[in-house]
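Quick look at work_31.pdb (PDB, C-alpha atoms, pLDDT in the B column):
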ATOM      1  CA  MET A   1      16.914  18.336  22.148  1.00 53.00           C
ATOM      2  CA  GLU A   2      14.024  19.790  20.231  1.00 63.00           C
ATOM      3  CA  LEU A   3      13.558  19.028  16.555  1.00 63.00           C
ATOM      4  CA  SER A   4      11.332  21.086  14.291  1.00 74.00           C
ATOM      5  CA  GLY A   5       9.195  19.499  11.609  1.00 79.00           C
ATOM      6  CA  THR A   6      11.491  20.678   8.839  1.00 85.00           C
ATOM      7  CA  ARG A   7      14.525  19.228  10.579  1.00 79.00           C
ATOM      8  CA  ILE A   8      12.825  15.850  11.053  1.00 79.00           C
ATOM      9  CA  VAL A   9      11.862  15.716   7.374  1.00 86.00           C
ATOM     10  CA  THR A  10      15.446  16.609   6.421  1.00 85.00           C
ATOM     11  CA  LEU A  11      16.851  13.851   8.642  1.00 83.00           C
ATOM     12  CA  VAL A  12      14.443  11.283   7.178  1.00 86.00           C
ATOM     13  CA  LEU A  13      15.339  12.285   3.614  1.00 91.00           C
ATOM     14  CA  LEU A  14      19.049  12.187   4.446  1.00 89.00           C
ATOM     15  CA  ASP A  15      18.574   8.716   5.906  1.00 89.00           C
ATOM     16  CA  LEU A  16      16.783   7.527   2.765  1.00 93.00           C
ATOM     17  CA  VAL A  17      19.558   8.937   0.584  1.00 94.00           C
ATOM     18  CA  ILE A  18      22.216   7.168   2.671  1.00 93.00           C
ATOM     19  CA  PHE A  19      20.248   3.910   2.433  1.00 94.00           C
ATOM     20  CA  GLY A  20      19.854   4.264  -1.339  1.00 95.00           C
ATOM     21  CA  ILE A  21      23.521   5.039  -1.961  1.00 96.00           C
ATOM     22  CA  VAL A  22      24.805   2.171   0.183  1.00 95.00           C
ATOM     23  CA  THR A  23      22.358  -0.314  -1.340  1.00 96.00           C
ATOM     24  CA  PHE A  24      23.138   0.831  -4.896  1.00 96.00           C
ATOM     25  CA  VAL A  25      26.891   0.573  -4.342  1.00 96.00           C
ATOM     26  CA  MET A  26      26.535  -2.910  -2.827  1.00 95.00           C
ATOM     27  CA  LEU A  27      24.397  -4.136  -5.726  1.00 95.00           C
ATOM     28  CA  GLN A  28      26.917  -2.768  -8.235  1.00 96.00           C
ATOM     29  CA  TRP A  29      29.777  -4.384  -6.338  1.00 93.00           C
ATOM     30  CA  MET A  30      28.255  -7.890  -6.188  1.00 93.00           C
ATOM     31  CA  PRO A  31      28.947 -10.321  -9.020  1.00 92.00           C
ATOM     32  CA  ARG A  32      26.154 -11.152 -11.463  1.00 92.00           C
ATOM     33  CA  PRO A  33      23.706 -12.961 -11.572  1.00 94.00           C
ATOM     34  CA  LEU A  34      22.111 -11.619  -8.407  1.00 92.00           C
ATOM     35  CA  LYS A  35      20.139 -13.964  -6.184  1.00 95.00           C
ATOM     36  CA  PRO A  36      17.405 -12.993  -3.700  1.00 95.00           C
ATOM     37  CA  VAL A  37      19.929 -13.386  -0.871  1.00 96.00           C
ATOM     38  CA  ASP A  38      22.116 -10.708  -2.494  1.00 95.00           C
ATOM     39  CA  TYR A  39      19.237  -8.203  -2.395  1.00 95.00           C
ATOM     40  CA  LEU A  40      18.583  -9.140   1.237  1.00 96.00           C
ATOM     41  CA  LEU A  41      22.237  -8.596   2.102  1.00 95.00           C
ATOM     42  CA  ALA A  42      22.392  -5.241   0.315  1.00 95.00           C
ATOM     43  CA  GLY A  43      19.209  -4.047   2.014  1.00 95.00           C
ATOM     44  CA  GLY A  44      20.400  -5.246   5.410  1.00 96.00           C
ATOM     45  CA  VAL A  45      23.755  -3.471   5.128  1.00 96.00           C
ATOM     46  CA  GLY A  46      22.012  -0.329   3.837  1.00 95.00           C
ATOM     47  CA  THR A  47      19.657  -0.398   6.807  1.00 95.00           C
ATOM     48  CA  LEU A  48      22.510  -0.898   9.253  1.00 95.00           C
ATOM     49  CA  VAL A  49      24.525   2.003   7.825  1.00 94.00           C
ATOM     50  CA  SER A  50      21.526   4.350   7.694  1.00 92.00           C
ATOM     51  CA  LEU A  51      20.553   3.556  11.295  1.00 91.00           C
ATOM     52  CA  LEU A  52      24.138   4.128  12.372  1.00 92.00           C
ATOM     53  CA  GLY A  53      24.036   7.483  10.596  1.00 87.00           C
ATOM     54  CA  VAL A  54      20.830   8.479  12.395  1.00 83.00           C
ATOM     55  CA  TRP A  55      22.276   7.403  15.749  1.00 83.00           C
ATOM     56  CA  LEU A  56      25.430   9.445  15.151  1.00 84.00           C
ATOM     57  CA  LEU A  57      23.409  12.522  14.147  1.00 79.00           C
ATOM     58  CA  VAL A  58      21.246  12.250  17.251  1.00 75.00           C
ATOM     59  CA  TRP A  59      24.308  11.720  19.433  1.00 75.00           C
ATOM     60  CA  ARG A  60      26.006  14.747  17.902  1.00 76.00           C
ATOM     61  CA  GLU A  61      22.972  16.941  18.597  1.00 72.00           C
ATOM     62  CA  ALA A  62      22.518  15.726  22.182  1.00 68.00           C
ATOM     63  CA  PRO A  63      23.021  18.528  24.699  1.00 68.00           C
ATOM     64  CA  ASN A  64      24.837  16.337  27.224  1.00 66.00           C
ATOM     65  CA  ARG A  65      26.764  13.682  25.305  1.00 62.00           C
ATOM     66  CA  SER A  66      28.661  12.364  28.297  1.00 63.00           C
ATOM     67  CA  GLU A  67      25.448  11.087  29.900  1.00 61.00           C
ATOM     68  CA  MET A  68      23.765   9.766  26.772  1.00 59.00           C
ATOM     69  CA  LEU A  69      24.765   6.123  27.157  1.00 64.00           C
ATOM     70  CA  PHE A  70      25.111   5.993  30.910  1.00 65.00           C
ATOM     71  CA  LYS A  71      24.488   8.371  33.749  1.00 67.00           C
ATOM     72  CA  ARG A  72      27.324   9.320  36.027  1.00 70.00           C
ATOM     73  CA  ARG A  73      26.497   9.224  39.688  1.00 73.00           C
ATOM     74  CA  ALA A  74      27.972  11.454  42.308  1.00 77.00           C
ATOM     75  CA  LYS A  75      30.582   9.787  44.465  1.00 79.00           C
ATOM     76  CA  LYS A  76      29.524   8.925  47.990  1.00 79.00           C
ATOM     77  CA  VAL A  77      31.288  10.797  50.720  1.00 78.00           C
ATOM     78  CA  ASP A  78      32.055   8.779  53.854  1.00 71.00           C
ATOM     79  CA  GLU A  79      30.898  10.638  56.915  1.00 67.00           C
ATOM     80  CA  GLU A  80      32.653   9.758  60.139  1.00 59.00           C
TER
END
Show me, as structure tokens, the structure contained in the file I just sent.
Amino acid sequence: MELSGTRIVTLVLLDLVIFGIVTFVMLQWMPRPLKPVDYLLAGGVGTLVSLLGVWLLVWREAPNRSEMLFKRRAKKVDEE
């Protein structure tokens, strides 16, 4: 899989947008007053979701998806 410079920049910007949206929604969802732990939680969940998004995009673009996580080996043939 070959990525051009423009495509890499687009993926990074998309990842930042996903992170920002998830973090914003989490901070709006949490009850006030916010504590430092709430910001840590929102940032952690935003990071997790954005990394999952990047992993899914890379997996989708992989030329051979069936061997991305593990490599299939040829079966041994018993010679007699």
For this session: Could you please determine the separation between CA of Leu51 in chain A and CA of Leu34 in chain A in Å, to one decimal place?
Result: 24.9 Å
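We find CA of Leu27 in chain A and CA of Thr47 in chain A to be spaced 13.9 Å apart.
Residues matched by the PyMOL selection byres ((chain A and resi 19) around 12) in this file are Val12, Leu13, Leu14, Asp15, Leu16, Val17, Ile18, Gly20, Ile21, Val22, Thr23, Phe24, Val25, Met26, Ala42, Gly43, Gly44, Val45, Gly46, Thr47, Leu48, Val49, Ser50, Leu51, Leu52, Gly53 and Val54 of chain A.
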C-alpha atoms of the current selection, written as a PDB file, in the frame of the given file:
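Writing the result to result_15.pdb gives the following:
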ATOM      1  CA  VAL A  12      14.443  11.283   7.178  1.00 86.00           C
ATOM      2  CA  LEU A  13      15.339  12.285   3.614  1.00 91.00           C
ATOM      3  CA  LEU A  14      19.049  12.187   4.446  1.00 89.00           C
ATOM      4  CA  ASP A  15      18.574   8.716   5.906  1.00 89.00           C
ATOM      5  CA  LEU A  16      16.783   7.527   2.765  1.00 93.00           C
ATOM      6  CA  VAL A  17      19.558   8.937   0.584  1.00 94.00           C
ATOM      7  CA  ILE A  18      22.216   7.168   2.671  1.00 93.00           C
ATOM      8  CA  GLY A  20      19.854   4.264  -1.339  1.00 95.00           C
ATOM      9  CA  ILE A  21      23.521   5.039  -1.961  1.00 96.00           C
ATOM     10  CA  VAL A  22      24.805   2.171   0.183  1.00 95.00           C
ATOM     11  CA  THR A  23      22.358  -0.314  -1.340  1.00 96.00           C
ATOM     12  CA  PHE A  24      23.138   0.831  -4.896  1.00 96.00           C
ATOM     13  CA  VAL A  25      26.891   0.573  -4.342  1.00 96.00           C
ATOM     14  CA  MET A  26      26.535  -2.910  -2.827  1.00 95.00           C
ATOM     15  CA  ALA A  42      22.392  -5.241   0.315  1.00 95.00           C
ATOM     16  CA  GLY A  43      19.209  -4.047   2.014  1.00 95.00           C
ATOM     17  CA  GLY A  44      20.400  -5.246   5.410  1.00 96.00           C
ATOM     18  CA  VAL A  45      23.755  -3.471   5.128  1.00 96.00           C
ATOM     19  CA  GLY A  46      22.012  -0.329   3.837  1.00 95.00           C
ATOM     20  CA  THR A  47      19.657  -0.398   6.807  1.00 95.00           C
ATOM     21  CA  LEU A  48      22.510  -0.898   9.253  1.00 95.00           C
ATOM     22  CA  VAL A  49      24.525   2.003   7.825  1.00 94.00           C
ATOM     23  CA  SER A  50      21.526   4.350   7.694  1.00 92.00           C
ATOM     24  CA  LEU A  51      20.553   3.556  11.295  1.00 91.00           C
ATOM     25  CA  LEU A  52      24.138   4.128  12.372  1.00 92.00           C
ATOM     26  CA  GLY A  53      24.036   7.483  10.596  1.00 87.00           C
ATOM     27  CA  VAL A  54      20.830   8.479  12.395  1.00 83.00           C
TER      28      VAL A  54
END
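CA of Trp55 in chain A sits 11.0 Å away from CA of Leu11 in chain A.
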Return the padded bounding box of range 53-59 of chain A as AutoDock Vina command-line options: axis-aligned, built from all atoms listed in the file, 4 Å added on each side, with centre and edge lengths in Å to one decimal.
--center_x 23.1 --center_y 10.0 --center_z 15.0 --size_x 12.6 --size_y 13.1 --size_z 16.8
Could range 18-45 of chain A be completed with N, CA and C atoms and written as an mmCIF file, keeping the file's coordinate frame, please?
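Output contents, as saved in rebuild-v3.cif:
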data_model
loop_
_atom_site.group_PDB
_atom_site.id
_atom_site.type_symbol
_atom_site.label_atom_id
_atom_site.label_comp_id
_atom_site.auth_asym_id
_atom_site.auth_seq_id
_atom_site.Cartn_x
_atom_site.Cartn_y
_atom_site.Cartn_z
ATOM 1 N N ILE A 18 21.115 8.030 2.228
ATOM 2 C CA ILE A 18 22.216 7.168 2.671
ATOM 3 C C ILE A 18 21.889 5.712 2.380
ATOM 4 N N PHE A 19 20.666 5.289 2.701
ATOM 5 C CA PHE A 19 20.248 3.910 2.433
ATOM 6 C C PHE A 19 20.346 3.600 0.944
ATOM 7 N N GLY A 20 19.840 4.495 0.109
ATOM 8 C CA GLY A 20 19.854 4.264 -1.339
ATOM 9 C C GLY A 20 21.258 4.176 -1.907
ATOM 10 N N ILE A 21 22.143 5.053 -1.453
ATOM 11 C CA ILE A 21 23.521 5.039 -1.961
ATOM 12 C C ILE A 21 24.240 3.760 -1.558
ATOM 13 N N VAL A 22 24.117 3.380 -0.291
ATOM 14 C CA VAL A 22 24.805 2.171 0.183
ATOM 15 C C VAL A 22 24.266 0.937 -0.529
ATOM 16 N N THR A 23 22.962 0.848 -0.672
ATOM 17 C CA THR A 23 22.358 -0.314 -1.340
ATOM 18 C C THR A 23 22.762 -0.366 -2.814
ATOM 19 N N PHE A 24 22.748 0.785 -3.484
ATOM 20 C CA PHE A 24 23.138 0.831 -4.896
ATOM 21 C C PHE A 24 24.595 0.402 -5.086
ATOM 22 N N VAL A 25 25.472 0.928 -4.231
ATOM 23 C CA VAL A 25 26.891 0.573 -4.342
ATOM 24 C C VAL A 25 27.089 -0.920 -4.089
ATOM 25 N N MET A 26 26.388 -1.474 -3.109
ATOM 26 C CA MET A 26 26.535 -2.910 -2.827
ATOM 27 C C MET A 26 26.039 -3.759 -3.997
ATOM 28 N N LEU A 27 24.923 -3.355 -4.597
ATOM 29 C CA LEU A 27 24.397 -4.136 -5.726
ATOM 30 C C LEU A 27 25.309 -4.027 -6.947
ATOM 31 N N GLN A 28 25.978 -2.895 -7.130
ATOM 32 C CA GLN A 28 26.917 -2.768 -8.235
ATOM 33 C C GLN A 28 28.196 -3.558 -7.983
ATOM 34 N N TRP A 29 28.548 -3.704 -6.732
ATOM 35 C CA TRP A 29 29.777 -4.384 -6.338
ATOM 36 C C TRP A 29 29.652 -5.906 -6.420
ATOM 37 N N MET A 30 28.450 -6.436 -6.213
ATOM 38 C CA MET A 30 28.255 -7.890 -6.188
ATOM 39 C C MET A 30 28.309 -8.475 -7.594
ATOM 40 N N PRO A 31 28.870 -9.684 -7.696
ATOM 41 C CA PRO A 31 28.947 -10.321 -9.020
ATOM 42 C C PRO A 31 27.562 -10.747 -9.522
ATOM 43 N N ARG A 32 27.412 -10.738 -10.828
ATOM 44 C CA ARG A 32 26.154 -11.152 -11.463
ATOM 45 C C ARG A 32 26.149 -12.655 -11.652
ATOM 46 N N PRO A 33 25.100 -13.364 -11.748
ATOM 47 C CA PRO A 33 23.706 -12.961 -11.572
ATOM 48 C C PRO A 33 23.375 -12.820 -10.086
ATOM 49 N N LEU A 34 22.495 -11.871 -9.797
ATOM 50 C CA LEU A 34 22.111 -11.619 -8.407
ATOM 51 C C LEU A 34 21.017 -12.590 -7.980
ATOM 52 N N LYS A 35 21.143 -13.064 -6.773
ATOM 53 C CA LYS A 35 20.139 -13.964 -6.184
ATOM 54 C C LYS A 35 19.323 -13.164 -5.167
ATOM 55 N N PRO A 36 18.198 -13.697 -4.726
ATOM 56 C CA PRO A 36 17.405 -12.993 -3.700
ATOM 57 C C PRO A 36 18.196 -12.718 -2.416
ATOM 58 N N VAL A 37 19.120 -13.594 -2.075
ATOM 59 C CA VAL A 37 19.929 -13.386 -0.871
ATOM 60 C C VAL A 37 20.824 -12.162 -1.038
ATOM 61 N N ASP A 38 21.281 -11.887 -2.248
ATOM 62 C CA ASP A 38 22.116 -10.708 -2.494
ATOM 63 C C ASP A 38 21.334 -9.419 -2.229
ATOM 64 N N TYR A 39 20.072 -9.375 -2.662
ATOM 65 C CA TYR A 39 19.237 -8.203 -2.395
ATOM 66 C C TYR A 39 18.979 -8.049 -0.891
ATOM 67 N N LEU A 40 18.780 -9.177 -0.215
ATOM 68 C CA LEU A 40 18.583 -9.140 1.237
ATOM 69 C C LEU A 40 19.825 -8.606 1.935
ATOM 70 N N LEU A 41 20.983 -9.056 1.512
ATOM 71 C CA LEU A 41 22.237 -8.596 2.102
ATOM 72 C C LEU A 41 22.454 -7.105 1.850
ATOM 73 N N ALA A 42 22.213 -6.658 0.637
ATOM 74 C CA ALA A 42 22.392 -5.241 0.315
ATOM 75 C C ALA A 42 21.418 -4.374 1.118
ATOM 76 N N GLY A 43 20.191 -4.797 1.229
ATOM 77 C CA GLY A 43 19.209 -4.047 2.014
ATOM 78 C C GLY A 43 19.544 -4.046 3.496
ATOM 79 N N GLY A 44 20.023 -5.170 3.994
ATOM 80 C CA GLY A 44 20.400 -5.246 5.410
ATOM 81 C C GLY A 44 21.573 -4.341 5.746
ATOM 82 N N VAL A 45 22.590 -4.339 4.891
ATOM 83 C CA VAL A 45 23.755 -3.471 5.128
ATOM 84 C C VAL A 45 23.348 -2.000 4.977
#
